[in-house]
>>> print(open('run12.cif').read())   # mmCIF, C-alpha atoms
data_entry
loop_
_atom_site.label_atom_id
_atom_site.label_comp_id
_atom_site.auth_asym_id
_atom_site.auth_seq_id
_atom_site.Cartn_x
_atom_site.Cartn_y
_atom_site.Cartn_z
CA MET Z 1 -12.94 -0.42 -3.30
CA LYS Z 2 -12.00 -1.91 0.08
CA ILE Z 3 -9.27 -1.02 2.57
CA LEU Z 4 -7.76 -4.24 3.92
CA LYS Z 5 -7.41 -4.99 7.63
CA ASN Z 6 -4.61 -6.99 9.26
CA ASP Z 7 -6.00 -10.49 8.72
CA GLU Z 8 -7.00 -9.60 5.15
CA ILE Z 9 -3.49 -8.34 4.39
CA GLN Z 10 -2.18 -11.74 5.50
CA THR Z 11 -4.55 -13.44 3.07
CA ALA Z 12 -3.60 -11.03 0.27
CA GLU Z 13 0.09 -11.84 0.77
CA LYS Z 14 -0.61 -15.53 0.15
CA VAL Z 15 -2.56 -14.68 -3.01
CA LEU Z 16 0.25 -12.50 -4.38
CA LEU Z 17 2.74 -15.31 -3.82
CA LYS Z 18 1.04 -17.05 -6.75
CA HIS Z 19 1.69 -14.10 -9.08
CA LEU Z 20 5.44 -13.64 -8.73
CA PRO Z 21 7.54 -12.08 -10.19
CA ALA Z 22 5.17 -9.32 -11.34
CA SER Z 23 3.66 -8.99 -7.85
CA TYR Z 24 7.02 -8.91 -6.03
CA LYS Z 25 6.99 -5.27 -4.91
CA VAL Z 26 3.47 -5.29 -3.48
CA TYR Z 27 4.14 -8.74 -2.05
CA GLY Z 28 7.29 -7.38 -0.39
CA PHE Z 29 5.41 -4.53 1.27
CA LEU Z 30 2.75 -6.91 2.57
CA HIS Z 31 5.40 -9.37 3.76
CA GLY Z 32 6.91 -6.60 5.92
CA ILE Z 33 3.56 -5.34 7.24
CA ASN Z 34 2.53 -8.86 8.23
CA ARG Z 35 5.73 -9.26 10.25
CA GLY Z 36 5.35 -6.09 12.23
CA LYS Z 37 7.65 -3.81 10.23
CA PRO Z 38 6.73 -0.12 10.55
CA SER Z 39 4.53 1.07 7.70
CA THR Z 40 2.66 4.20 6.71
CA LEU Z 41 0.70 2.44 3.98
CA GLU Z 42 -2.89 1.50 3.48
CA VAL Z 43 -3.69 -1.44 1.23
CA ILE Z 44 -6.74 -1.25 -1.04
CA VAL Z 45 -8.32 -3.72 -3.47
CA ASP Z 46 -11.08 -3.52 -6.03
CA THR Z 47 -13.12 -6.38 -4.52
CA TRP Z 48 -12.68 -8.90 -1.72
CA PRO Z 49 -11.72 -11.67 -1.39
CA ASP Z 50 -11.34 -12.25 -5.15
CA PHE Z 51 -9.42 -9.10 -6.05
CA LYS Z 52 -8.01 -8.26 -9.47
CA VAL Z 53 -6.12 -5.11 -8.39
CA ILE Z 54 -4.23 -4.27 -5.20
CA ILE Z 55 -2.67 -0.88 -4.41
CA CYS Z 56 -0.33 0.20 -1.60
CA ARG Z 57 -0.53 3.94 -1.01
CA PRO Z 58 0.30 6.34 1.84
CA ASP Z 59 -2.34 6.20 4.55
CA PRO Z 60 -3.97 9.67 4.68
CA GLN Z 61 -4.80 9.08 8.36
CA ASN Z 62 -1.15 8.52 9.27
CA LYS Z 63 0.79 11.75 9.93
CA ARG Z 64 4.12 10.06 9.22
CA ALA Z 65 2.84 9.16 5.76
CA LEU Z 66 3.15 12.80 4.71
CA MET Z 67 6.86 12.34 3.97
CA PHE Z 68 6.09 9.32 1.74
CA ARG Z 69 2.87 10.65 0.22
CA ASN Z 70 4.26 10.65 -3.29
CA LYS Z 71 4.98 6.89 -3.54
CA VAL Z 72 2.44 4.33 -4.75
CA THR Z 73 2.80 0.64 -5.68
CA CYS Z 74 0.21 -1.50 -7.41
CA TYR Z 75 -0.37 -4.86 -9.06
CA GLY Z 76 -3.27 -5.95 -11.22
CA THR Z 77 -4.35 -8.89 -13.36
CA ASP Z 78 -7.03 -6.86 -15.16
CA GLU Z 79 -5.78 -3.69 -16.85
CA GLN Z 80 -9.19 -2.05 -17.20
CA ILE Z 81 -9.91 -2.47 -13.49
CA LEU Z 82 -6.40 -1.20 -12.72
CA LYS Z 83 -7.03 1.87 -14.86
CA LYS Z 84 -10.37 2.48 -13.11
CA MET Z 85 -8.79 2.12 -9.65
CA LEU Z 86 -5.95 4.47 -10.49
CA THR Z 87 -8.37 7.00 -11.97
CA GLU Z 88 -10.61 6.99 -8.91
CA GLN Z 89 -8.18 6.39 -6.05
CA MET Z 90 -5.19 8.63 -6.87
CA ASP Z 91 -5.01 12.37 -6.28
CA TRP Z 92 -4.12 13.47 -9.79
CA SER Z 93 -3.73 17.10 -8.77
CA THR Z 94 -0.42 16.44 -6.96
CA TYR Z 95 3.00 15.00 -7.73
CA PHE Z 96 3.35 11.27 -7.11
CA MET Z 97 5.24 8.24 -8.33
CA ILE Z 98 4.15 4.69 -9.16
CA GLY Z 99 7.04 2.26 -8.71
CA GLY Z 100 7.63 -1.34 -9.69
CA LEU Z 101 4.77 -1.49 -12.18
CA ASP Z 102 4.79 -3.96 -15.08
CA ILE Z 103 6.00 -2.03 -18.12
CA ALA Z 104 3.19 -3.67 -20.10
CA HIS Z 105 0.86 -1.14 -18.43
CA ALA Z 106 2.84 1.85 -19.75
CA PRO Z 107 0.53 2.57 -22.72
CA MET Z 108 -2.50 2.52 -20.40
CA LEU Z 109 -0.88 5.00 -18.03
CA LYS Z 110 0.08 7.31 -20.87
CA GLU Z 111 -3.47 7.20 -22.23
CA LEU Z 112 -4.91 7.92 -18.79
CA THR Z 113 -2.64 10.91 -18.21
CA SER Z 114 -3.07 12.22 -21.75
CA ASP Z 115 -6.83 12.29 -21.30
CA ARG Z 116 -6.35 14.31 -18.12
CA LYS Z 117 -3.60 16.50 -19.59
CA ILE Z 118 -1.21 15.42 -16.83
CA ASN Z 119 2.57 15.33 -17.19
CA CYS Z 120 3.85 11.75 -17.15
CA LYS Z 121 7.31 10.35 -17.67
CA CYS Z 122 9.08 7.04 -17.30
CA GLU Z 123 11.71 7.65 -14.61
CA ILE Z 124 13.56 4.31 -14.68
CA VAL Z 125 13.19 0.85 -16.18
CA VAL Z 126 14.64 -2.02 -14.18
CA HIS Z 127 15.39 -5.71 -14.26
CA LEU Z 128 13.81 -7.74 -11.47
CA MET Z 129 16.25 -10.43 -10.36
CA TYR Z 130 15.21 -13.09 -7.88
CA LEU Z 131 16.49 -16.29 -6.29
CA PRO Z 132 13.96 -19.13 -6.73
CA ASP Z 133 15.40 -21.00 -3.73
CA ASN Z 134 18.63 -21.31 -1.83
CA SER Z 135 19.87 -24.20 -4.00
CA HIS Z 136 20.22 -21.69 -6.87
CA LEU Z 137 22.69 -19.54 -4.91
CA LEU Z 138 26.11 -19.81 -6.55
CA THR Z 139 28.88 -18.54 -4.34
CA SER Z 140 32.47 -19.43 -3.60
CA ALA Z 141 33.67 -19.84 -0.03
CA VAL Z 142 34.52 -16.62 1.81
CA ASP Z 143 37.94 -16.81 3.44
CA SER Z 144 38.03 -16.59 7.22
CA GLU Z 145 39.75 -13.18 7.29
CA LEU Z 146 37.06 -11.60 5.10
CA GLU Z 147 34.28 -13.41 6.94
CA SER Z 148 35.53 -11.94 10.23
CA ARG Z 149 34.96 -8.46 8.80
CA ILE Z 150 31.32 -9.04 7.81
CA SER Z 151 28.84 -7.53 10.24
CA SER Z 152 25.57 -5.62 10.35
CA LEU Z 153 25.30 -1.88 9.85
CA ASP Z 154 24.15 0.26 12.77
CA LEU Z 155 22.75 3.76 13.14
CA SER Z 156 26.21 5.33 13.30
CA HIS Z 157 26.58 4.36 9.62
CA VAL Z 158 23.38 6.07 8.36
CA ASP Z 159 25.15 9.25 7.23
CA LEU Z 160 27.84 7.38 5.26
CA VAL Z 161 25.30 5.19 3.47
CA ASN Z 162 23.01 8.13 2.71
CA LYS Z 163 25.84 10.24 1.25
CA THR Z 164 26.85 7.49 -1.18
CA TRP Z 165 23.32 6.38 -2.14
CA LYS Z 166 22.21 7.42 -5.62
CA HIS Z 167 18.72 8.25 -4.35
CA GLY Z 168 19.93 9.77 -1.07
CA GLY Z 169 22.11 12.65 -0.02
CA ASN Z 170 19.24 14.53 1.61
CA GLU Z 171 17.00 14.39 4.68
CA LYS Z 172 14.48 12.06 3.07
CA GLY Z 173 17.27 9.68 2.08
CA TYR Z 174 18.70 9.84 5.60
CA ASN Z 175 15.32 8.94 7.11
CA ASN Z 176 14.86 6.06 4.67
CA ILE Z 177 18.30 4.59 5.37
CA LYS Z 178 17.71 4.95 9.11
CA LYS Z 179 14.41 3.09 8.73
CA PHE Z 180 16.00 0.31 6.70
CA ILE Z 181 18.93 -0.24 9.07
CA SER Z 182 16.67 -0.11 12.15
CA ASN Z 183 14.09 -2.59 10.92
CA PHE Z 184 15.54 -4.85 8.24
CA PRO Z 185 18.66 -7.02 7.77
CA SER Z 186 21.88 -5.36 6.60
CA TYR Z 187 25.47 -6.43 6.05
CA CYS Z 188 28.77 -4.65 5.59
CA ILE Z 189 32.48 -5.38 5.31
CA THR Z 190 34.70 -3.17 7.44
CA ASP Z 191 38.26 -1.92 7.06
CA ASP Z 192 41.06 -2.14 9.65
CA GLN Z 193 39.46 0.69 11.63
CA GLY Z 194 36.07 -0.99 11.69
CA GLN Z 195 34.49 1.39 9.18
CA PRO Z 196 32.17 0.02 6.48
CA VAL Z 197 33.67 -0.07 2.97
CA SER Z 198 31.04 -2.27 1.29
CA TRP Z 199 27.40 -2.84 2.27
CA VAL Z 200 23.95 -3.99 1.31
CA LEU Z 201 20.55 -3.33 2.89
CA VAL Z 202 16.97 -4.54 2.65
CA CYS Z 203 14.40 -1.81 1.93
CA ASP Z 204 10.81 -1.48 3.13
CA TYR Z 205 9.41 -3.65 0.35
CA CYS Z 206 11.86 -6.37 1.40
CA ALA Z 207 14.10 -6.12 -1.68
CA ILE Z 208 17.89 -6.31 -1.53
CA SER Z 209 18.92 -2.69 -2.05
CA VAL Z 210 21.45 0.13 -1.61
CA LEU Z 211 24.39 -2.10 -2.58
CA HIS Z 212 27.58 -0.06 -2.61
CA THR Z 213 31.35 -0.50 -2.34
CA LEU Z 214 33.66 2.48 -1.90
CA PRO Z 215 35.66 2.96 -5.14
CA GLU Z 216 39.05 2.19 -3.63
CA TYR Z 217 37.81 -1.22 -2.39
CA ARG Z 218 36.23 -2.48 -5.60
CA GLY Z 219 37.44 -5.56 -7.44
CA LYS Z 220 38.00 -7.54 -4.22
CA GLY Z 221 34.78 -9.56 -4.24
CA TYR Z 222 33.26 -7.58 -1.36
CA ALA Z 223 29.89 -6.95 -3.04
CA LYS Z 224 29.58 -10.62 -3.90
CA ALA Z 225 30.35 -11.57 -0.30
CA VAL Z 226 27.76 -9.25 1.29
CA VAL Z 227 25.03 -10.11 -1.23
CA SER Z 228 25.51 -13.87 -0.87
CA THR Z 229 25.57 -13.54 2.92
CA MET Z 230 22.37 -11.50 2.75
CA ALA Z 231 20.65 -13.93 0.38
CA LYS Z 232 21.35 -16.87 2.69
CA ARG Z 233 19.92 -15.01 5.69
CA LEU Z 234 16.82 -13.80 3.87
CA HIS Z 235 16.06 -17.29 2.61
CA ALA Z 236 16.59 -18.78 6.08
CA GLU Z 237 14.25 -16.21 7.67
CA GLY Z 238 11.50 -16.58 5.07
CA TYR Z 239 11.98 -13.26 3.27
CA PRO Z 240 11.54 -12.99 -0.49
CA VAL Z 241 14.99 -12.87 -2.10
CA TYR Z 242 14.92 -10.38 -4.97
CA CYS Z 243 16.15 -7.00 -6.16
CA PHE Z 244 15.54 -4.33 -8.79
CA ILE Z 245 18.51 -3.36 -10.98
CA GLU Z 246 18.40 -0.32 -13.24
CA GLU Z 247 18.88 -1.13 -16.93
CA ASP Z 248 22.19 0.73 -17.23
CA ASN Z 249 23.73 -0.91 -14.14
CA VAL Z 250 25.53 -3.67 -16.00
CA ALA Z 251 27.95 -4.45 -13.16
CA SER Z 252 25.17 -5.18 -10.64
CA TYR Z 253 23.22 -7.21 -13.20
CA ARG Z 254 26.27 -9.41 -13.87
CA LEU Z 255 26.96 -9.73 -10.13
CA PHE Z 256 23.48 -10.99 -9.25
CA LYS Z 257 23.38 -13.26 -12.29
CA SER Z 258 26.73 -14.76 -11.27
CA LEU Z 259 25.22 -15.57 -7.86
CA GLY Z 260 22.35 -17.53 -9.40
CA PHE Z 261 19.65 -14.85 -9.47
CA VAL Z 262 17.33 -15.19 -12.46
CA GLU Z 263 15.03 -12.92 -14.44
CA ASP Z 264 11.66 -13.57 -16.05
CA ALA Z 265 12.13 -12.27 -19.59
CA SER Z 266 8.40 -11.60 -19.93
CA TYR Z 267 8.39 -9.05 -17.10
CA ARG Z 268 10.10 -5.68 -16.70
CA ALA Z 269 9.38 -3.18 -13.95
CA VAL Z 270 9.11 0.57 -14.40
CA TRP Z 271 8.85 3.70 -12.26
CA PHE Z 272 6.57 6.52 -13.46
CA GLU Z 273 6.37 10.13 -12.26
CA PHE Z 274 3.28 12.31 -12.57
CA ASN Z 275 2.79 16.08 -12.25
CA PHE Z 276 6.55 16.63 -12.06
#
>>> encode(input="run12.cif", output="C-alpha cells")
Amino acid sequence: MKILKNDEIQTAEKVLLKHLPASYKVYGFLHGINRGKPSTLEVIVDTWPDFKVIICRPDPQNKRALMFRNKVTCYGTDEQILKKMLTEQMDWSTYFMIGGLDIAHAPMLKELTSDRKINCKCEIVVHLMYLPDNSHLLTSAVDSELESRISSLDLSHVDLVNKTWKHGGNEKGYNNIKKFISNFPSYCITDDQGQPVSWVLVCDYCAISVLHTLPEYRGKGYAKAVVSTMAKRLHAEGYPVYCFIEEDNVASYRLFKSLGFVEDASYRAVWFEFNF
C-alpha cells in the first residue's frame, strides 16, 4: 500500500482518465485535488506506479476529516486486490459508506462482510450519465429574459439549498452545500425578487449535483437551462461533465438524456453502508 503525494496524484488522474466511466468518481476527486480544491482525503494505491486499485478515504491526520470519516470511494481493475485492500485498509469496527462503486463488485462486498459478520446494505443504485464532449450537448436557445435571470449561487443561499436537498436538512448538509458553493461552479435562476427558484451545483467529486426546482416553478424549462449552462462551463474549464442519478428519479434521467448525456449500459454505480 502507498499513500500518494501531490505529483503522484496528478499522474493517477491521467491513468484514471483511461478507465471512464467506471473510474469517474475517483477521477473527479483527484481532478479537484489537483486543481487546489479543499480536500480532507488521502489517496492510496496497492502498488506504484502500475496500480490496480485506488482508494480515496478520509485522511486520519486531518482534523477536518472527522466530519467526513464515514465516506470512502474506490476503483479497481482487479477484484481480488480490491478485496484485499478493503479488508486491510478500512476500519471495519465503525460505520462507513463506500460510494460510486461498480455494482459488479457487490457480491464480493457481501462475501467480505458476511465472513466478518458485519451488517451491509445497498443504500442506492444509480445511473452514471456523462457528456462525451460539448458537441453532444443538445439544448435549445434560452430566451434573453430567462438568460438574464441565470447567475451563480452565493453563501446567502446555503440554507435554502440545504433545506430542499434530499441528503441535507442538517448541519452536515449545510457544511457540504457551503463547501460546494464556495469552491465549485453553481448556477441558479432567480425570481422577480432575486431569490433562487431553480439551481444546480458541482460537488466535491466534480459531478453535477443537487439539481432542484421549487415545485411552483416546475415545467418551465428552468432545470434544463441551468444544467445546459453548467455543462457548457464545465466543458470549457476542463472539468469532467457527468452526474449520478438515482434509479427511481425518472424525471432527472429523462432531462439529462434529452440534453445529450449518455450512459454506459455495462456500468452501474452503487452506494453501500456498513455497520449501520
>>> resolve_selection(input="run12.cif", expression="the PyMOL selection byres ((chain Z and resi 119) around 12)", output="PyMOL selection string")
chain Z and resi 92-97+109-118+120-122+272-276
>>> atom_distance(input="run12.cif", atom1="CA of Met129 in chain Z", atom2="CA of Phe256 in chain Z")
7.3 Å
>>> closest_residue(input="run12.cif", among="Z:Gly194, Z:Gly260, Z:Gly76, Z:Pro49", to="Ser140 in chain Z", atoms="all atoms listed in the file")
Z:Gly260
>>> resolve_selection(input="run12.cif", expression="the PyMOL selection byres ((chain Z and resi 239) around 10)", output="list in words")
Gly28, His31, Gly32, Cys206, Ala207, Ala231, Arg233, Leu234, His235, Ala236, Glu237, Gly238, Pro240, Val241 and Tyr242 of chain Z
>>> write_last_selection(input="run12.cif", atoms="C-alpha atoms", output="mmCIF file, in the frame of the given file")
data_model
loop_
_atom_site.group_PDB
_atom_site.id
_atom_site.type_symbol
_atom_site.label_atom_id
_atom_site.label_comp_id
_atom_site.auth_asym_id
_atom_site.auth_seq_id
_atom_site.Cartn_x
_atom_site.Cartn_y
_atom_site.Cartn_z
ATOM 1 C CA GLY Z 28 7.290 -7.380 -0.390
ATOM 2 C CA HIS Z 31 5.400 -9.370 3.760
ATOM 3 C CA GLY Z 32 6.910 -6.600 5.920
ATOM 4 C CA CYS Z 206 11.860 -6.370 1.400
ATOM 5 C CA ALA Z 207 14.100 -6.120 -1.680
ATOM 6 C CA ALA Z 231 20.650 -13.930 0.380
ATOM 7 C CA ARG Z 233 19.920 -15.010 5.690
ATOM 8 C CA LEU Z 234 16.820 -13.800 3.870
ATOM 9 C CA HIS Z 235 16.060 -17.290 2.610
ATOM 10 C CA ALA Z 236 16.590 -18.780 6.080
ATOM 11 C CA GLU Z 237 14.250 -16.210 7.670
ATOM 12 C CA GLY Z 238 11.500 -16.580 5.070
ATOM 13 C CA PRO Z 240 11.540 -12.990 -0.490
ATOM 14 C CA VAL Z 241 14.990 -12.870 -2.100
ATOM 15 C CA TYR Z 242 14.920 -10.380 -4.970
#
>>> residues_near_point(input="run12.cif", point="(0.8, 2.1, -2.9)", cutoff="12 Å", atoms="all atoms listed in the file", output="PyMOL selection string")
chain Z and resi 3+25-30+39-45+53-60+65+68-75+85-86+89-90+96-101+205
>>> closest_residue(input="run12.cif", among="Z:Arg268, Z:His127, Z:Lys220, Z:Lys163", to="Val250 in chain Z", atoms="only C-alpha atoms")
Z:His127
>>> closest_residue(input="run12.cif", among="Z:Arg254, Z:Thr164, Z:Leu4, Z:Tyr187", to="Pro215 in chain Z", atoms="all atoms listed in the file")
Z:Thr164
>>> resolve_selection(input="run12.cif", expression="the PyMOL selection byres ((chain Z and resi 252) around 12)", output="number ranges by chain")
Z: 126-129, 208-213, 223-224, 227, 243-251, 253-259, 261
>>> closest_residue(input="run12.cif", among="Z:Lys37, Z:Glu263, Z:Gly168, Z:Ile9", to="Phe184 in chain Z", atoms="only C-alpha atoms")
Z:Lys37
>>> atom_distance(input="run12.cif", atom1="CA of Phe51 in chain Z", atom2="CA of Asp91 in chain Z")
21.9 Å
>>> decode(input="run12.cif", residues="range 205-216 of chain Z", atoms="all heavy atoms", output="compact mmCIF listing (two decimals), in the first residue's frame")
# COMPACT_ATOMS: atom_id res chain seq x y z
N TYR Z 205 -16.64 15.77 -5.79
CA TYR Z 205 -16.02 14.86 -6.75
C TYR Z 205 -16.35 15.30 -8.18
O TYR Z 205 -16.33 14.51 -9.12
CB TYR Z 205 -16.38 13.40 -6.50
CG TYR Z 205 -17.83 13.10 -6.21
CD1 TYR Z 205 -18.72 12.78 -7.23
CD2 TYR Z 205 -18.31 13.09 -4.90
CE1 TYR Z 205 -20.04 12.48 -6.97
CE2 TYR Z 205 -19.63 12.79 -4.62
CZ TYR Z 205 -20.50 12.49 -5.65
OH TYR Z 205 -21.81 12.19 -5.38
N CYS Z 206 -16.63 16.60 -8.30
CA CYS Z 206 -16.78 17.29 -9.60
C CYS Z 206 -17.94 16.80 -10.43
O CYS Z 206 -17.94 16.94 -11.66
CB CYS Z 206 -15.47 17.21 -10.40
SG CYS Z 206 -14.11 18.13 -9.66
N ALA Z 207 -18.95 16.21 -9.81
CA ALA Z 207 -20.15 15.78 -10.52
C ALA Z 207 -21.22 16.87 -10.44
O ALA Z 207 -21.33 17.57 -9.42
CB ALA Z 207 -20.69 14.48 -9.95
N ILE Z 208 -22.02 17.01 -11.49
CA ILE Z 208 -23.19 17.87 -11.44
C ILE Z 208 -24.14 17.29 -10.40
O ILE Z 208 -24.43 16.09 -10.42
CB ILE Z 208 -23.85 17.95 -12.82
CG1 ILE Z 208 -22.90 18.59 -13.83
CG2 ILE Z 208 -25.17 18.71 -12.76
CD1 ILE Z 208 -23.41 18.56 -15.27
N SER Z 209 -24.63 18.12 -9.49
CA SER Z 209 -25.35 17.59 -8.33
C SER Z 209 -26.34 18.60 -7.77
O SER Z 209 -26.35 19.77 -8.18
CB SER Z 209 -24.31 17.21 -7.26
OG SER Z 209 -24.92 16.59 -6.15
N VAL Z 210 -27.15 18.14 -6.84
CA VAL Z 210 -28.09 18.98 -6.06
C VAL Z 210 -29.01 19.78 -6.98
O VAL Z 210 -29.35 20.93 -6.68
CB VAL Z 210 -27.35 19.90 -5.06
CG1 VAL Z 210 -28.27 20.37 -3.95
CG2 VAL Z 210 -26.13 19.21 -4.44
N LEU Z 211 -29.40 19.20 -8.10
CA LEU Z 211 -30.34 19.87 -9.01
C LEU Z 211 -31.71 19.94 -8.36
O LEU Z 211 -32.24 18.93 -7.89
CB LEU Z 211 -30.40 19.11 -10.33
CG LEU Z 211 -31.43 19.59 -11.36
CD1 LEU Z 211 -31.11 21.00 -11.82
CD2 LEU Z 211 -31.49 18.62 -12.54
N HIS Z 212 -32.30 21.13 -8.34
CA HIS Z 212 -33.62 21.27 -7.72
C HIS Z 212 -34.33 22.49 -8.29
O HIS Z 212 -33.72 23.53 -8.52
CB HIS Z 212 -33.48 21.44 -6.20
CG HIS Z 212 -34.80 21.47 -5.48
ND1 HIS Z 212 -35.53 20.33 -5.20
CD2 HIS Z 212 -35.55 22.51 -5.01
CE1 HIS Z 212 -36.65 20.66 -4.56
NE2 HIS Z 212 -36.68 21.98 -4.44
N THR Z 213 -35.64 22.35 -8.49
CA THR Z 213 -36.51 23.47 -8.84
C THR Z 213 -37.67 23.48 -7.86
O THR Z 213 -38.29 22.44 -7.61
CB THR Z 213 -37.05 23.33 -10.28
OG1 THR Z 213 -35.95 23.28 -11.20
CG2 THR Z 213 -37.94 24.52 -10.64
N LEU Z 214 -37.98 24.63 -7.30
CA LEU Z 214 -39.10 24.73 -6.37
C LEU Z 214 -40.38 24.29 -7.10
O LEU Z 214 -40.56 24.59 -8.29
CB LEU Z 214 -39.26 26.16 -5.87
CG LEU Z 214 -38.08 26.72 -5.06
CD1 LEU Z 214 -38.34 28.16 -4.63
CD2 LEU Z 214 -37.79 25.85 -3.83
N PRO Z 215 -41.25 23.54 -6.41
CA PRO Z 215 -42.43 22.93 -7.08
C PRO Z 215 -43.25 23.89 -7.92
O PRO Z 215 -43.70 23.54 -9.02
CB PRO Z 215 -43.24 22.39 -5.89
CG PRO Z 215 -42.20 22.10 -4.85
CD PRO Z 215 -41.17 23.18 -4.99
N GLU Z 216 -43.47 25.11 -7.43
CA GLU Z 216 -44.33 26.04 -8.15
C GLU Z 216 -43.70 26.60 -9.42
O GLU Z 216 -44.36 27.29 -10.21
CB GLU Z 216 -44.76 27.19 -7.23
CG GLU Z 216 -43.61 28.02 -6.66
CD GLU Z 216 -43.08 27.50 -5.33
OE1 GLU Z 216 -43.09 26.27 -5.12
OE2 GLU Z 216 -42.66 28.35 -4.52
